[in-house]
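Chemist: Below are the structure tokens for one structure; questions will follow.
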Amino acid sequence: MTSRPVDQVLAAVDSGLDQSLERLFALLRIPSVSTDSAYAAHCVAAAEWLAADLAAMGFTAEARATGGHPAVVAKSPGNGGPHALFYGHYDVQPVDPLDLWETPPFEPRIATAPDGSKRIVARGASDDKGQVMTFVEACRAWKAVTGTLPLGITMLIEGEEESGSKHLFDFVRANKADLAADIALVCDTGMWDREIPAITTSLRGIVVDEFKVVAANRDLHSGVYGGAAANPIHMLAKAIASIHGADGRIAIPGFYDGVEDLPPDVLADWKGLNLRAEEFLGAVGLKHPIGEKDRLLIEMVTSRPTCDINGIWGGYTGEGSKTVIPSEAWAKVTFRLVGKQDPVKVREAFRAHIRAQLPADCRAEFFGSRGSAAIALPWDMPVLAKARAALTDEWGRKAVTIGTGGSIPIVGAFKEDLGLDTLLVGFGLEDDRVHSPNEKYDLTSFHKGIRSWVRIIDALAG
């Protein structure tokens with residue numbers, strides 16, 4: 001029986017793994033730390049290395065100015081079919097503390113874990129150079145075997161993700177025509193575990209706010225005014241305590257507008273993953289989930305909205321005591337949003353709720369709010385089903401669709417500015433030590449990551 005082109009490409013990936021590792025190691029040796037200006041020339045070098053490598057594969061590729069570190073834009077028309085925009089980043093986190101690294105962070109090596117598995121150790125191995133190169137190597141294998149790609153591909157690989165993508169959003173808006181596509185692909189996420197692949201289908205949005213409660217026009221002597229004057233710390237604490245009900249739900253009126261339940265089949269899949277509190281919370285010294293009582297733990301941390309107080313202060317906090325009733329107290333708060341929750345409406349509802357808890361002699365002042373909406377793929381999206389089937393074929397385990405509690409702002413920009421939904425497929429693992437000393441990327445993640453992208457590219461091309 002004549003093998004299909006995808007089978008030949010997969011065989012090429014296997015036979016060329018050593019060469020793929022050599023190219024990854026070459027990129028890992030470049031210390032492209034974006035947040036430190038001392039490494040600016042290295043960021044340029046990493047962008048130019050990627051542009052040259054992609055050009056050698058037949059892409060039209062260049063490192064373009066952004067106002068900060070350059071962004072690599074590479075295009076290949078493919079062999080008909082849809083067009084995909086792939087996003088990743090070549091910049092890395094600082095390596096501090098250096099003395100905790102077992103070997104120099106920009107001298108990549110293959111290490112053997114206690115269980116006998118192999119891992120790539122270097123800064124950027126997992127976040128995000130190793131992940132980027134899984135996609136690059138998949139494209140290389142397709143071109144080597146068939147001379148072309150089965151679908152058009154544009155790559156956008158930036159150099160400021162680890163320092164806030166300060167110039168990327170303007171760059172995307174200024175280059176809409178060049179970045180036009182039918183679907184966006186991101187490889188900066190992870191597997192569910194070592195054996196089960198995952199596609200991230202939702203990212204929670206966020207609202208960040210800060211406020212203070214003000215009472216008297218100056219700090220007061222508690223022996224003189226105590227029992228009569230309103231204490232802002234007391235009032236702030238009561239207002240904060242009123243945000244959550246005994247059932248774990250957020251008691252702000254209208255807060256759950258736009259929040260939808262998971263489809264039954266997705267909820268069944270998530271139940272099967274069996275995320276348990278004794279493992280998830282036990283790792284940080286806790287035992288008991290405090291979220292909505294009628295929800296699974298995995299829902300609490302990925303698909304349900306939250307409110308957390310991030311900081312609270314006021315009055316005297318120095319050594320010893322000072323018998324004072326402070327004139328004001330402060331708090332910082334963040335909300336994680338899901339579904340169709342409106343960040344502006346959530347902020348205004350929160351502020352109205354806080355004001356309603358305060359007595360007549362107190363007032364609340366709010367500062368510095370910002371926010372972004374949640375991102376979610378339609379559960380019945382055809383390309384999602386295709387990518388999920390491709391991952392299942394490669395890993396031999398049903399690929400899961402999961403949400404993540406964090407936010408990836410560029411995904412929102414792709415939707416808002418380019419009209420693109422984004423498939424987030426990654427092969428990182430929980431123990432990859434991302435942003436920490438001795439960062440690693442499992443050799444299996446790299447190898448099967450390349451093979452996975454070969455299959456996804458084939459599936460998306462139809």
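Going through the structure tokens in order, the chains are called A, B, and so on, while each chain numbers its residues from 1 and the ligands are numbered from 1 in the order shown.
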Write out as a compact mmCIF listing (two decimals) with N, CA and C atoms, in the first residue's frame each polymer residue whose atoms come within 10 Å of stretch 122-127 of chain A, counting only C-alpha atoms; drop sequence neighbours fewer than 6 positions from it.

Modeler:
# COMPACT_ATOMS: atom_id res chain seq x y z
N LEU A 24 17.59 23.58 17.30
CA LEU A 24 17.04 24.12 18.55
C LEU A 24 18.17 24.58 19.47
N PHE A 25 19.21 23.78 19.61
CA PHE A 25 20.32 24.14 20.48
C PHE A 25 20.99 25.44 20.01
N LEU A 27 19.56 27.95 18.59
CA LEU A 27 18.71 29.05 19.02
C LEU A 27 18.77 29.24 20.54
N LEU A 28 18.84 28.15 21.28
CA LEU A 28 18.90 28.24 22.74
C LEU A 28 20.20 28.89 23.22
N ARG A 29 21.25 28.79 22.44
CA ARG A 29 22.52 29.39 22.85
C ARG A 29 22.50 30.92 22.80
N ILE A 30 21.53 31.49 22.13
CA ILE A 30 21.44 32.95 22.03
C ILE A 30 20.71 33.49 23.25
N PRO A 31 21.35 34.30 24.09
CA PRO A 31 20.73 34.76 25.34
C PRO A 31 19.78 35.94 25.12
N SER A 32 18.64 35.66 24.54
CA SER A 32 17.70 36.70 24.11
C SER A 32 16.76 37.10 25.24
N VAL A 33 17.31 37.71 26.28
CA VAL A 33 16.55 38.18 27.44
C VAL A 33 15.97 39.55 27.10
N GLY A 88 4.51 32.74 18.18
CA GLY A 88 5.35 32.30 19.28
C GLY A 88 6.29 33.43 19.65
N HIS A 89 7.20 33.19 20.57
CA HIS A 89 8.16 34.23 20.93
C HIS A 89 9.55 33.63 21.14
N TYR A 90 10.55 34.41 20.76
CA TYR A 90 11.94 33.95 20.88
C TYR A 90 12.63 34.51 22.11
N ASP A 91 12.02 35.49 22.77
CA ASP A 91 12.66 36.07 23.95
C ASP A 91 12.45 35.17 25.16
N VAL A 92 13.32 35.32 26.15
CA VAL A 92 13.30 34.47 27.34
C VAL A 92 13.38 35.32 28.60
N GLN A 93 13.09 34.68 29.71
CA GLN A 93 13.18 35.30 31.03
C GLN A 93 14.65 35.46 31.45
N PRO A 94 14.94 36.40 32.34
CA PRO A 94 16.27 36.43 32.96
C PRO A 94 16.57 35.10 33.65
N VAL A 95 17.84 34.84 33.87
CA VAL A 95 18.24 33.53 34.42
C VAL A 95 18.43 33.55 35.94
N TRP A 101 21.45 27.31 38.92
CA TRP A 101 21.52 26.49 37.71
C TRP A 101 22.59 25.41 37.89
N THR A 103 23.96 23.78 35.36
CA THR A 103 24.90 24.05 34.27
C THR A 103 24.55 25.42 33.68
N PRO A 104 25.44 26.06 32.92
CA PRO A 104 25.14 27.38 32.37
C PRO A 104 23.83 27.40 31.58
N PRO A 105 22.98 28.38 31.81
CA PRO A 105 21.63 28.38 31.24
C PRO A 105 21.57 28.50 29.72
N PHE A 106 22.62 29.04 29.11
CA PHE A 106 22.61 29.17 27.65
C PHE A 106 23.57 28.18 26.99
N GLU A 107 23.86 27.11 27.69
CA GLU A 107 24.60 25.99 27.12
C GLU A 107 23.70 24.76 27.18
N PRO A 108 22.80 24.60 26.20
CA PRO A 108 21.80 23.54 26.26
C PRO A 108 22.42 22.15 26.30
N ARG A 109 21.74 21.25 26.98
CA ARG A 109 22.23 19.88 27.10
C ARG A 109 21.05 18.94 27.20
N ILE A 110 21.30 17.66 26.95
CA ILE A 110 20.33 16.60 27.19
C ILE A 110 20.66 15.96 28.53
N MET A 133 10.00 25.83 17.92
CA MET A 133 10.71 24.99 16.98
C MET A 133 9.98 23.69 16.67
N GLU A 162 8.04 38.25 27.08
CA GLU A 162 8.43 38.18 28.49
C GLU A 162 8.56 39.55 29.14
N CYS A 187 1.66 28.09 20.11
CA CYS A 187 2.30 26.99 20.83
C CYS A 187 3.06 27.58 22.02
N ASP A 188 2.31 27.88 23.08
CA ASP A 188 2.92 28.43 24.29
C ASP A 188 2.12 27.97 25.50
N THR A 189 1.54 26.77 25.38
CA THR A 189 0.73 26.21 26.46
C THR A 189 1.24 24.80 26.77
N GLY A 190 0.40 23.97 27.39
CA GLY A 190 0.92 22.68 27.84
C GLY A 190 -0.03 21.53 27.63
N GLY A 426 0.01 23.22 22.95
CA GLY A 426 1.38 23.22 23.45
C GLY A 426 1.73 21.89 24.08
N PHE A 427 3.02 21.70 24.32
CA PHE A 427 3.50 20.40 24.80
C PHE A 427 4.35 20.54 26.07
N GLY A 428 4.20 21.70 26.74
CA GLY A 428 4.89 21.89 28.00
C GLY A 428 4.28 21.03 29.09
N LEU A 429 5.07 20.78 30.13
CA LEU A 429 4.62 19.99 31.27
C LEU A 429 4.71 20.81 32.55
N ASP A 432 8.20 21.73 34.03
CA ASP A 432 9.21 22.27 33.12
C ASP A 432 10.03 23.40 33.73
N ARG A 433 9.69 23.84 34.91
CA ARG A 433 10.44 24.90 35.61
C ARG A 433 10.52 26.18 34.78
N VAL A 434 9.42 26.50 34.14
CA VAL A 434 9.35 27.72 33.34
C VAL A 434 9.59 28.93 34.24
N HIS A 435 10.43 29.85 33.82
CA HIS A 435 10.83 31.07 34.53
C HIS A 435 11.74 30.78 35.71
N SER A 436 12.11 29.53 35.93
CA SER A 436 12.94 29.16 37.08
C SER A 436 14.28 28.62 36.62
N PRO A 437 15.24 28.50 37.53
CA PRO A 437 16.50 27.84 37.18
C PRO A 437 16.26 26.40 36.72
N ASN A 438 17.15 25.94 35.82
CA ASN A 438 17.11 24.58 35.30
C ASN A 438 15.82 24.29 34.52
N GLU A 439 15.36 25.29 33.77
CA GLU A 439 14.22 25.09 32.88
C GLU A 439 14.51 23.93 31.94
N LYS A 440 13.47 23.14 31.66
CA LYS A 440 13.67 21.98 30.79
C LYS A 440 12.46 21.79 29.88
N TYR A 441 12.65 20.97 28.86
CA TYR A 441 11.59 20.58 27.93
C TYR A 441 11.84 19.12 27.60
N ASP A 442 10.89 18.27 27.90
CA ASP A 442 11.10 16.85 27.68
C ASP A 442 11.40 16.57 26.21
N SER A 445 8.35 15.73 24.48
CA SER A 445 7.53 16.90 24.13
C SER A 445 8.01 17.51 22.82
N PHE A 446 9.32 17.59 22.64
CA PHE A 446 9.86 18.17 21.42
C PHE A 446 9.59 17.25 20.22

Chemist: Can you pull out every residue from stretch 47-232 of chain A that DSSP, working from the backbone, puts in helix (DSSP H, G or I), and format the result as a PyMOL selection string?

Modeler: chain A and resi 47-56+98-100+129-146+161-163+168-174+222-225+232

Chemist: Export N, CA and C atoms of the chosen residues as a short mmCIF file (atom, residue, chain, number, x, y, z; two decimals), in the first residue's frame?

Modeler:
data_model
loop_
_atom_site.label_atom_id
_atom_site.label_comp_id
_atom_site.auth_asym_id
_atom_site.auth_seq_id
_atom_site.Cartn_x
_atom_site.Cartn_y
_atom_site.Cartn_z
N ALA A 47 16.30 36.98 16.45
CA ALA A 47 15.35 37.26 15.37
C ALA A 47 15.98 37.01 14.01
N GLU A 48 17.21 37.45 13.84
CA GLU A 48 17.88 37.25 12.55
C GLU A 48 18.17 35.78 12.30
N TRP A 49 18.49 35.02 13.35
CA TRP A 49 18.71 33.59 13.19
C TRP A 49 17.44 32.90 12.70
N LEU A 50 16.32 33.22 13.31
CA LEU A 50 15.06 32.62 12.91
C LEU A 50 14.68 33.02 11.49
N ALA A 51 14.84 34.30 11.16
CA ALA A 51 14.50 34.75 9.81
C ALA A 51 15.35 34.04 8.76
N ALA A 52 16.64 33.88 9.05
CA ALA A 52 17.53 33.20 8.09
C ALA A 52 17.16 31.72 7.97
N ASP A 53 16.84 31.09 9.07
CA ASP A 53 16.47 29.67 9.05
C ASP A 53 15.19 29.46 8.25
N LEU A 54 14.20 30.31 8.47
CA LEU A 54 12.94 30.18 7.74
C LEU A 54 13.11 30.51 6.26
N ALA A 55 13.95 31.50 5.97
CA ALA A 55 14.21 31.82 4.56
C ALA A 55 14.88 30.65 3.85
N ALA A 56 15.78 29.96 4.54
CA ALA A 56 16.45 28.80 3.94
C ALA A 56 15.47 27.68 3.63
N LEU A 98 21.44 32.85 39.17
CA LEU A 98 22.34 32.05 38.36
C LEU A 98 22.95 30.89 39.14
N ASP A 99 23.19 31.09 40.43
CA ASP A 99 23.88 30.05 41.20
C ASP A 99 23.02 28.80 41.43
N LEU A 100 21.73 28.88 41.10
CA LEU A 100 20.88 27.71 41.25
C LEU A 100 20.83 26.84 39.99
N LYS A 129 11.18 28.73 23.07
CA LYS A 129 11.95 28.35 21.89
C LYS A 129 11.71 26.91 21.49
N GLY A 130 11.67 26.01 22.47
CA GLY A 130 11.40 24.62 22.14
C GLY A 130 10.04 24.44 21.52
N GLN A 131 9.04 25.15 22.04
CA GLN A 131 7.69 25.06 21.50
C GLN A 131 7.63 25.65 20.08
N VAL A 132 8.25 26.80 19.87
CA VAL A 132 8.28 27.40 18.53
C VAL A 132 8.90 26.45 17.53
N MET A 133 10.00 25.83 17.92
CA MET A 133 10.71 24.99 16.98
C MET A 133 9.98 23.69 16.67
N THR A 134 9.03 23.26 17.52
CA THR A 134 8.22 22.11 17.12
C THR A 134 7.44 22.44 15.85
N PHE A 135 6.91 23.65 15.78
CA PHE A 135 6.15 24.04 14.60
C PHE A 135 7.07 24.28 13.41
N VAL A 136 8.18 24.96 13.64
CA VAL A 136 9.13 25.21 12.55
C VAL A 136 9.63 23.91 11.95
N GLU A 137 9.97 22.95 12.80
CA GLU A 137 10.48 21.67 12.30
C GLU A 137 9.41 20.86 11.59
N ALA A 138 8.16 20.99 12.00
CA ALA A 138 7.08 20.33 11.27
C ALA A 138 6.95 20.90 9.86
N CYS A 139 7.04 22.22 9.76
CA CYS A 139 7.00 22.84 8.42
C CYS A 139 8.20 22.41 7.59
N ARG A 140 9.37 22.32 8.22
CA ARG A 140 10.57 21.91 7.49
C ARG A 140 10.40 20.49 6.92
N ALA A 141 9.83 19.59 7.73
CA ALA A 141 9.64 18.22 7.27
C ALA A 141 8.66 18.16 6.11
N TRP A 142 7.58 18.92 6.19
CA TRP A 142 6.64 18.95 5.06
C TRP A 142 7.31 19.43 3.79
N LYS A 143 8.08 20.50 3.89
CA LYS A 143 8.73 21.03 2.69
C LYS A 143 9.79 20.07 2.17
N ALA A 144 10.51 19.40 3.06
CA ALA A 144 11.56 18.48 2.63
C ALA A 144 10.97 17.29 1.87
N VAL A 145 9.82 16.82 2.30
CA VAL A 145 9.22 15.63 1.69
C VAL A 145 8.40 15.96 0.46
N THR A 146 7.58 17.01 0.54
CA THR A 146 6.62 17.30 -0.54
C THR A 146 6.99 18.53 -1.36
N GLU A 161 7.56 39.13 24.47
CA GLU A 161 6.48 38.51 25.24
C GLU A 161 6.79 38.52 26.73
N GLU A 162 8.04 38.25 27.08
CA GLU A 162 8.43 38.18 28.49
C GLU A 162 8.56 39.55 29.14
N SER A 163 8.43 40.60 28.36
CA SER A 163 8.48 41.95 28.92
C SER A 163 7.20 42.72 28.58
N LEU A 168 3.95 44.88 20.34
CA LEU A 168 3.36 43.91 19.44
C LEU A 168 1.96 44.31 18.97
N PHE A 169 1.15 44.87 19.85
CA PHE A 169 -0.23 45.14 19.50
C PHE A 169 -0.33 46.22 18.42
N ASP A 170 0.48 47.25 18.53
CA ASP A 170 0.53 48.26 17.46
C ASP A 170 1.07 47.64 16.18
N PHE A 171 2.04 46.73 16.32
CA PHE A 171 2.61 46.05 15.14
C PHE A 171 1.54 45.23 14.42
N VAL A 172 0.73 44.52 15.18
CA VAL A 172 -0.35 43.71 14.57
C VAL A 172 -1.34 44.61 13.85
N ARG A 173 -1.75 45.71 14.49
CA ARG A 173 -2.71 46.61 13.85
C ARG A 173 -2.13 47.25 12.60
N ALA A 174 -0.83 47.55 12.61
CA ALA A 174 -0.20 48.19 11.46
C ALA A 174 0.06 47.21 10.31
N SER A 222 -7.55 56.45 69.25
CA SER A 222 -8.60 55.45 69.48
C SER A 222 -9.17 55.53 70.89
N GLY A 223 -8.41 56.12 71.84
CA GLY A 223 -8.94 56.28 73.18
C GLY A 223 -9.97 57.37 73.28
N VAL A 224 -9.91 58.32 72.37
CA VAL A 224 -10.86 59.44 72.38
C VAL A 224 -12.06 59.15 71.48
N TYR A 225 -11.78 58.63 70.24
CA TYR A 225 -12.83 58.46 69.24
C TYR A 225 -13.30 57.02 69.07
N PRO A 232 -12.10 53.02 58.89
CA PRO A 232 -12.06 52.57 57.50
C PRO A 232 -11.59 51.14 57.31
#

Chemist: Neighbours of A:Pro409 within 10 Å (only C-alpha atoms; same-chain residues fewer than 2 positions away dropped), as a PyMOL selection string?

Modeler: chain A and resi 161+164-165+169+203+205+372-375+406-407+411-414

Chemist: Could you tell me which of A:Ile456, A:Leu85, A:Ala283, A:Val266 comes closest to A:Val425 if we count only C-alpha atoms?

Modeler: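 Distance minimum relative to A:Val425 lands on A:Ile456.
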
Chemist: Would you please work out which residue, of A:Ala241, A:Ala111, A:Ile120, A:Val344, is nearest to A:Asp209 when using only C-alpha atoms?

Modeler: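 Closest to A:Asp209 of all the choices is A:Val344.
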
Chemist: Give me every strand (DSSP E or B) residue in stretch 88-137 of chain A, going by DSSP on the backbone, as a list in words.

Modeler: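 Written out, the strand (DSSP E or B) residues of stretch 88-137 of chain A are Gly88, His89, Val92, Arg109, Ile110, Ala111, Thr112, Lys118, Arg119, Ile120 and Val121 of chain A.
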
Chemist: Output C-alpha atoms for every residue in the selection just made, as a short mmCIF file (atom, residue, chain, number, x, y, z; two decimals), in the first residue's frame.

Modeler:
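This is the output file selection.cif:
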data_model
loop_
_atom_site.label_atom_id
_atom_site.label_comp_id
_atom_site.auth_asym_id
_atom_site.auth_seq_id
_atom_site.Cartn_x
_atom_site.Cartn_y
_atom_site.Cartn_z
CA GLY A 88 5.35 32.30 19.28
CA HIS A 89 8.16 34.23 20.93
CA VAL A 92 13.30 34.47 27.34
CA ARG A 109 22.23 19.88 27.10
CA ILE A 110 20.33 16.60 27.19
CA ALA A 111 19.89 15.37 30.76
CA THR A 112 18.52 12.08 32.01
CA LYS A 118 15.47 12.54 28.46
CA ARG A 119 15.05 16.29 28.77
CA ILE A 120 16.45 19.40 27.12
CA VAL A 121 17.81 21.78 29.77
#

Chemist: Could you check which of A:Glu158, A:Asp257, A:Glu394, A:Glu195 is closest to A:Pro343, using only C-alpha atoms?

Modeler: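 Closest residue, counting only C-alpha atoms: A:Asp257.
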
Chemist: Which residues, written as a PDB file with N, CA and C atoms, in the first residue's frame, have at least one atom at most 12 Å from A:Arg295, with only C-alpha atoms counted and residues fewer than 4 positions away on the same chain left out?

Modeler:
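Result file is part.pdb:
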ATOM      1  N   ASP A 247     -21.939  30.035  49.985  1.00  0.00           N
ATOM      2  CA  ASP A 247     -21.867  28.966  48.986  1.00  0.00           C
ATOM      3  C   ASP A 247     -20.686  29.129  48.030  1.00  0.00           C
ATOM      4  N   GLY A 248     -19.845  30.127  48.284  1.00  0.00           N
ATOM      5  CA  GLY A 248     -18.687  30.360  47.438  1.00  0.00           C
ATOM      6  C   GLY A 248     -18.962  31.223  46.227  1.00  0.00           C
ATOM      7  N   ARG A 249     -20.221  31.536  45.989  1.00  0.00           N
ATOM      8  CA  ARG A 249     -20.556  32.379  44.841  1.00  0.00           C
ATOM      9  C   ARG A 249     -20.282  33.847  45.151  1.00  0.00           C
ATOM     10  N   ASP A 261     -22.785  27.551  31.427  1.00  0.00           N
ATOM     11  CA  ASP A 261     -22.308  26.242  31.861  1.00  0.00           C
ATOM     12  C   ASP A 261     -21.596  25.528  30.718  1.00  0.00           C
ATOM     13  N   LEU A 262     -20.723  24.599  31.068  1.00  0.00           N
ATOM     14  CA  LEU A 262     -20.038  23.798  30.060  1.00  0.00           C
ATOM     15  C   LEU A 262     -21.019  22.864  29.370  1.00  0.00           C
ATOM     16  N   LEU A 267     -18.057  18.637  30.134  1.00  0.00           N
ATOM     17  CA  LEU A 267     -18.044  18.426  31.582  1.00  0.00           C
ATOM     18  C   LEU A 267     -17.719  16.969  31.911  1.00  0.00           C
ATOM     19  N   TRP A 270     -14.031  16.476  31.561  1.00  0.00           N
ATOM     20  CA  TRP A 270     -13.300  17.082  32.670  1.00  0.00           C
ATOM     21  C   TRP A 270     -13.426  16.251  33.942  1.00  0.00           C
ATOM     22  N   LYS A 271     -14.596  15.678  34.171  1.00  0.00           N
ATOM     23  CA  LYS A 271     -14.747  14.783  35.321  1.00  0.00           C
ATOM     24  C   LYS A 271     -13.776  13.614  35.214  1.00  0.00           C
ATOM     25  N   PRO A 289     -10.979  23.202  48.717  1.00  0.00           N
ATOM     26  CA  PRO A 289     -11.375  24.246  47.773  1.00  0.00           C
ATOM     27  C   PRO A 289     -12.390  25.186  48.415  1.00  0.00           C
ATOM     28  N   ILE A 290     -12.299  26.470  48.091  1.00  0.00           N
ATOM     29  CA  ILE A 290     -13.207  27.441  48.691  1.00  0.00           C
ATOM     30  C   ILE A 290     -14.102  28.095  47.638  1.00  0.00           C
ATOM     31  N   GLY A 291     -14.113  27.562  46.421  1.00  0.00           N
ATOM     32  CA  GLY A 291     -14.938  28.126  45.364  1.00  0.00           C
ATOM     33  C   GLY A 291     -16.399  27.713  45.483  1.00  0.00           C
ATOM     34  N   GLU A 299     -13.387  23.133  37.257  1.00  0.00           N
ATOM     35  CA  GLU A 299     -14.185  24.287  36.837  1.00  0.00           C
ATOM     36  C   GLU A 299     -13.763  25.535  37.609  1.00  0.00           C
ATOM     37  N   MET A 300     -13.551  25.387  38.904  1.00  0.00           N
ATOM     38  CA  MET A 300     -13.186  26.539  39.727  1.00  0.00           C
ATOM     39  C   MET A 300     -11.958  27.264  39.197  1.00  0.00           C
ATOM     40  N   VAL A 301     -10.970  26.501  38.711  1.00  0.00           N
ATOM     41  CA  VAL A 301      -9.689  27.114  38.351  1.00  0.00           C
ATOM     42  C   VAL A 301      -9.547  27.408  36.864  1.00  0.00           C
ATOM     43  N   THR A 302     -10.547  27.028  36.055  1.00  0.00           N
ATOM     44  CA  THR A 302     -10.403  27.267  34.619  1.00  0.00           C
ATOM     45  C   THR A 302     -11.610  27.925  33.965  1.00  0.00           C
ATOM     46  N   SER A 303     -12.835  27.532  34.339  1.00  0.00           N
ATOM     47  CA  SER A 303     -13.992  27.979  33.572  1.00  0.00           C
ATOM     48  C   SER A 303     -15.004  28.788  34.371  1.00  0.00           C
ATOM     49  N   ARG A 304     -14.717  29.075  35.635  1.00  0.00           N
ATOM     50  CA  ARG A 304     -15.624  29.868  36.447  1.00  0.00           C
ATOM     51  C   ARG A 304     -14.973  31.202  36.785  1.00  0.00           C
ATOM     52  N   PRO A 305     -15.780  32.258  36.942  1.00  0.00           N
ATOM     53  CA  PRO A 305     -15.217  33.573  37.280  1.00  0.00           C
ATOM     54  C   PRO A 305     -14.827  33.638  38.748  1.00  0.00           C
TER      55      PRO A 305
END

Chemist: In Å, with one decimal, what is the gap from atom CA of A:Ser202 to atom CA of A:Phe280?

Modeler: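 Calculated distance between atom CA of A:Ser202 and atom CA of A:Phe280 is 20.2 Å.
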
Chemist: For A:Ile240, which residue among A:Ile325, A:Ala459, A:Ala385, A:Ala356 is the nearest when counting only C-alpha atoms?

Modeler: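 Among A:Ile325, A:Ala459, A:Ala385, A:Ala356, it is A:Ala356 that comes nearest to A:Ile240.
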
Chemist: Using only C-alpha atoms, can you tell me which of A:Trp453, A:Trp313, A:Tyr256, A:Trp395 comes closest to A:Lys332?

Modeler: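 Among the listed residues, the smallest separation from A:Lys332 belongs to A:Trp313.
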
Chemist: For a quick check of understanding, using only C-alpha atoms, which of A:Ala184, A:Asp308, A:Thr444, A:Met57 has the smallest distance to A:Thr422?

Modeler: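 Among the listed residues, the smallest separation from A:Thr422 belongs to A:Ala184.
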